[in-house]
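Asker: Pasting a structure below so you can have a look.
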Amino acid sequence: MRPGRRSPQVKHSSTLRLLIGSLALLVLAGCASQPPWPAVTEGEATTGTQGRWIWAELFTSDVAEAKAFYGDVFGWQFETRGTREKPYILARNDGRPVAGMLHHPAAAGDVLRSRWVGLVSAGDVDAVSDRARDAGASILLDPVDLPGRGRVALVADPEGARFGLLASGSGDPPDVMPDAGSWLWHELWAHSAMKTADFYRKTVGYSIKRTGKAEGKTEWHLLAGGFPRAGIIEHGASGLPSAWLHYVRVADVDATIERIVKAGGSLLIAPTREFRQGRAAVIVDPMGAPLGIAEWPEEMQSGVMR
């Protein structure tokens, strides 16, 4: 993120809370037995900044449908790695690694047959996992080495929101403004923004900045390396777990929505003047995974919303 950059502000929706709050536990047993995993960056790399979101994995019941959808919508290209029994799909944006896809069978009655999990850079995955556990989190996947990828762990914060930790063996992607088709922002919907922000401060090491109100709700920014890396929106007690929502930068929200609908996805929150001045939307892929899309014009890098 760039100095003064304002995060997208999510409009609260009971439908969205239901979708992102009902994420099932992701079973990742057997990860370490995979063949070498693709690195999260190729060529140019940078020293890790703890707290940067550097990768995302899509767990889906239908890899072929997911490839077709995300290829049509964002123009991603795909490579199949791994083995026939345990394939891993590497997604590229304009030739650069941007995400991975793994087959994850849907349970009977599971509303979500597809879900995104973001991973943050962590210099010492074991230490962060230990601090998270001590602070009330659940460790869904204990730290494990993935050949070719690095050391990873999967955590559910005290309110149940899932995120991954990654110490990349190849370094982190360059810390620059993302291109269209790459990850732009990461936002946590939490019951208590202040308590949750304190959890991420203690465990990941973020600096915390309260930015005021978003749609009447408290908003906090999580800063690392001098820049905002994610936001927390307080949606209050809803009886549902908290969850992370991830945004992809797009050149034109309206044109992207047309592609989304044509490719079999659906629109959850439409772009309106009241919702980030019409520059963002929340969509659902054909298998049920919620995802944000947002424009970020160059003039907004100075922090001026026009």
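Following the order of the structure tokens, first chain is A, next is B, and so on, with residues numbered from 1 inside each chain and ligands from 1 in the order they appear.
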Identify, with DSSP run on backbone atoms, the residues in stretch 128-176 of chain A assigned to strand (DSSP E), and express the list as an MDAnalysis selection string.

Answerer: chainID A and resid 138:146 150:156 162:168

Asker: Can you tell me, as a ChimeraX atom specification, what residues are no more than 8 Å from A:Thr256 when counting only C-alpha atoms, ignoring any on the same chain fewer than 6 positions away?

Answerer: /A:73-74,250

Asker: When you look at A:Phe199 with a cut-off of 12 Å (counting only C-alpha atoms), what residues show up, excluding the ones that are within fewer than 4 positions of it in the same chain? I need them as a list in words.

Answerer: Val128, Arg131, Ala132, Arg133, Asp134, Ala135, Gly136, Ala137, Ala156, Asp157, Pro158, Glu159, Ala161, Ala190, Ser192, Ala193, Met194, Lys195, Thr203, Val204, Gly205, Tyr206, Ser207, Ile208, Leu222 and Ile232 of chain A

Asker: Within 10 Å of A:Asp254, counting only C-alpha atoms, which residues show up once you throw out same-chain ones fewer than 5 positions away? Write them as a list in words, please.

Answerer: Arg259, Ile260, Ala270, Pro271, Gly278, Arg279, Ala280, Ala281 and Glu295 of chain A

Asker: Generate the output file for the selected residues, C-alpha atoms, as a PDB file, in the first residue's frame.

Answerer:
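Output contents, as saved in selection-v1.pdb:
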```pdb
ATOM      1  CA  ARG A 259     -17.814 -10.799 -17.137  1.00  0.00           C
ATOM      2  CA  ILE A 260     -18.575 -12.234 -13.689  1.00  0.00           C
ATOM      3  CA  ALA A 270     -23.422  -3.711  -6.286  1.00  0.00           C
ATOM      4  CA  PRO A 271     -21.287  -0.632  -6.919  1.00  0.00           C
ATOM      5  CA  GLY A 278     -19.157   3.121  -7.172  1.00  0.00           C
ATOM      6  CA  ARG A 279     -15.582   1.873  -7.495  1.00  0.00           C
ATOM      7  CA  ALA A 280     -16.039  -1.466  -5.702  1.00  0.00           C
ATOM      8  CA  ALA A 281     -18.341  -4.454  -5.452  1.00  0.00           C
ATOM      9  CA  GLU A 295     -10.842   0.065  -8.928  1.00  0.00           C
TER      10      GLU A 295
END
```

Asker: Between atom CA of A:Lys209 and atom CA of A:His191, what is the distance in Å, rounded to a tenth?

Answerer: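 Going from atom CA of A:Lys209 over to atom CA of A:His191, I get 17.5 Å.
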
Asker: Skipping near chain neighbours, those fewer than 2 positions away, what residues fall within 12 Å of A:Arg92 using only C-alpha atoms, listed as a PDB file with N, CA and C atoms, in the first residue's frame?

Answerer:
```
ATOM      1  N   PRO A  38       4.924 -24.588  -6.194  1.00  0.00           N
ATOM      2  CA  PRO A  38       5.409 -23.381  -6.882  1.00  0.00           C
ATOM      3  C   PRO A  38       5.747 -22.279  -5.888  1.00  0.00           C
ATOM      4  N   ALA A  39       6.794 -21.534  -6.165  1.00  0.00           N
ATOM      5  CA  ALA A  39       7.153 -20.399  -5.329  1.00  0.00           C
ATOM      6  C   ALA A  39       6.130 -19.282  -5.519  1.00  0.00           C
ATOM      7  N   VAL A  40       6.007 -18.401  -4.526  1.00  0.00           N
ATOM      8  CA  VAL A  40       5.045 -17.308  -4.622  1.00  0.00           C
ATOM      9  C   VAL A  40       5.583 -16.136  -5.429  1.00  0.00           C
ATOM     10  N   THR A  41       6.848 -16.173  -5.773  1.00  0.00           N
ATOM     11  CA  THR A  41       7.419 -15.143  -6.631  1.00  0.00           C
ATOM     12  C   THR A  41       8.528 -15.747  -7.472  1.00  0.00           C
ATOM     13  N   GLU A  42       8.738 -15.188  -8.656  1.00  0.00           N
ATOM     14  CA  GLU A  42       9.781 -15.641  -9.559  1.00  0.00           C
ATOM     15  C   GLU A  42      10.603 -14.434 -10.003  1.00  0.00           C
ATOM     16  N   TRP A  55       0.070 -13.995  -0.608  1.00  0.00           N
ATOM     17  CA  TRP A  55      -0.424 -15.130  -1.393  1.00  0.00           C
ATOM     18  C   TRP A  55      -1.865 -15.418  -1.013  1.00  0.00           C
ATOM     19  N   ALA A  56      -2.544 -16.173  -1.864  1.00  0.00           N
ATOM     20  CA  ALA A  56      -3.903 -16.629  -1.574  1.00  0.00           C
ATOM     21  C   ALA A  56      -4.122 -17.979  -2.223  1.00  0.00           C
ATOM     22  N   LYS A  67     -11.103 -22.516 -12.748  1.00  0.00           N
ATOM     23  CA  LYS A  67     -10.163 -22.023 -13.751  1.00  0.00           C
ATOM     24  C   LYS A  67     -10.902 -21.265 -14.847  1.00  0.00           C
ATOM     25  N   TYR A  70     -12.232 -17.727 -13.221  1.00  0.00           N
ATOM     26  CA  TYR A  70     -11.221 -16.712 -12.926  1.00  0.00           C
ATOM     27  C   TYR A  70     -10.404 -16.337 -14.164  1.00  0.00           C
ATOM     28  N   GLY A  71     -10.299 -17.268 -15.093  1.00  0.00           N
ATOM     29  CA  GLY A  71      -9.646 -16.936 -16.350  1.00  0.00           C
ATOM     30  C   GLY A  71     -10.477 -15.950 -17.157  1.00  0.00           C
ATOM     31  N   PHE A  74     -10.681 -12.365 -14.751  1.00  0.00           N
ATOM     32  CA  PHE A  74      -9.463 -11.595 -14.506  1.00  0.00           C
ATOM     33  C   PHE A  74      -8.370 -11.816 -15.556  1.00  0.00           C
ATOM     34  N   GLY A  75      -8.593 -12.755 -16.457  1.00  0.00           N
ATOM     35  CA  GLY A  75      -7.572 -13.052 -17.457  1.00  0.00           C
ATOM     36  C   GLY A  75      -6.409 -13.849 -16.910  1.00  0.00           C
ATOM     37  N   TRP A  76      -6.596 -14.532 -15.777  1.00  0.00           N
ATOM     38  CA  TRP A  76      -5.514 -15.332 -15.204  1.00  0.00           C
ATOM     39  C   TRP A  76      -5.172 -16.497 -16.122  1.00  0.00           C
ATOM     40  N   GLN A  77      -3.900 -16.887 -16.088  1.00  0.00           N
ATOM     41  CA  GLN A  77      -3.440 -18.072 -16.816  1.00  0.00           C
ATOM     42  C   GLN A  77      -3.116 -19.161 -15.773  1.00  0.00           C
ATOM     43  N   PHE A  78      -3.156 -20.403 -16.191  1.00  0.00           N
ATOM     44  CA  PHE A  78      -3.037 -21.504 -15.234  1.00  0.00           C
ATOM     45  C   PHE A  78      -2.045 -22.564 -15.685  1.00  0.00           C
ATOM     46  N   GLU A  79      -1.364 -23.126 -14.685  1.00  0.00           N
ATOM     47  CA  GLU A  79      -0.463 -24.255 -14.892  1.00  0.00           C
ATOM     48  C   GLU A  79      -0.811 -25.325 -13.869  1.00  0.00           C
ATOM     49  N   THR A  80      -0.785 -26.574 -14.299  1.00  0.00           N
ATOM     50  CA  THR A  80      -1.038 -27.682 -13.382  1.00  0.00           C
ATOM     51  C   THR A  80       0.284 -28.253 -12.909  1.00  0.00           C
ATOM     52  N   ILE A  89      -2.916 -26.160  -8.899  1.00  0.00           N
ATOM     53  CA  ILE A  89      -3.068 -25.223 -10.000  1.00  0.00           C
ATOM     54  C   ILE A  89      -2.438 -23.888  -9.618  1.00  0.00           C
ATOM     55  N   LEU A  90      -1.440 -23.481 -10.379  1.00  0.00           N
ATOM     56  CA  LEU A  90      -0.809 -22.185 -10.191  1.00  0.00           C
ATOM     57  C   LEU A  90      -1.487 -21.187 -11.111  1.00  0.00           C
ATOM     58  N   ASP A  94      -0.835 -11.868 -15.773  1.00  0.00           N
ATOM     59  CA  ASP A  94       0.140 -11.281 -16.695  1.00  0.00           C
ATOM     60  C   ASP A  94       1.501 -11.958 -16.549  1.00  0.00           C
ATOM     61  N   GLY A  95       1.485 -13.267 -16.372  1.00  0.00           N
ATOM     62  CA  GLY A  95       2.700 -14.060 -16.298  1.00  0.00           C
ATOM     63  C   GLY A  95       3.293 -14.230 -14.920  1.00  0.00           C
ATOM     64  N   ARG A  96       2.822 -13.457 -13.938  1.00  0.00           N
ATOM     65  CA  ARG A  96       3.390 -13.523 -12.587  1.00  0.00           C
ATOM     66  C   ARG A  96       2.501 -14.346 -11.662  1.00  0.00           C
ATOM     67  N   PRO A  97       3.083 -15.177 -10.789  1.00  0.00           N
ATOM     68  CA  PRO A  97       2.273 -15.945  -9.848  1.00  0.00           C
ATOM     69  C   PRO A  97       1.385 -15.030  -9.004  1.00  0.00           C
ATOM     70  N   VAL A  98       0.112 -15.401  -8.873  1.00  0.00           N
ATOM     71  CA  VAL A  98      -0.818 -14.568  -8.105  1.00  0.00           C
ATOM     72  C   VAL A  98      -1.611 -15.376  -7.087  1.00  0.00           C
ATOM     73  N   ALA A  99      -1.838 -16.668  -7.355  1.00  0.00           N
ATOM     74  CA  ALA A  99      -2.658 -17.479  -6.444  1.00  0.00           C
ATOM     75  C   ALA A  99      -2.501 -18.951  -6.791  1.00  0.00           C
ATOM     76  N   GLY A 100      -3.008 -19.792  -5.907  1.00  0.00           N
ATOM     77  CA  GLY A 100      -3.028 -21.223  -6.143  1.00  0.00           C
ATOM     78  C   GLY A 100      -4.434 -21.765  -5.988  1.00  0.00           C
ATOM     79  N   MET A 101      -4.678 -22.930  -6.556  1.00  0.00           N
ATOM     80  CA  MET A 101      -5.971 -23.597  -6.439  1.00  0.00           C
ATOM     81  C   MET A 101      -5.750 -25.047  -6.063  1.00  0.00           C
ATOM     82  N   GLY A 181      -5.897  -7.255 -11.683  1.00  0.00           N
ATOM     83  CA  GLY A 181      -5.831  -8.712 -11.650  1.00  0.00           C
ATOM     84  C   GLY A 181      -5.052  -9.254 -10.477  1.00  0.00           C
ATOM     85  N   SER A 182      -4.440  -8.366  -9.677  1.00  0.00           N
ATOM     86  CA  SER A 182      -3.693  -8.773  -8.488  1.00  0.00           C
ATOM     87  C   SER A 182      -4.439  -8.335  -7.234  1.00  0.00           C
ATOM     88  N   TRP A 183      -3.987  -8.841  -6.084  1.00  0.00           N
ATOM     89  CA  TRP A 183      -4.653  -8.551  -4.814  1.00  0.00           C
ATOM     90  C   TRP A 183      -4.402  -7.102  -4.398  1.00  0.00           C
TER      91      TRP A 183
END
```

Asker: Quick one: residues within 10 Å of A:Gly43, only C-alpha atoms counted, chain neighbours fewer than 5 positions away excluded, as an MDAnalysis selection string?

Answerer: chainID A and resid 96 170:171 173:174
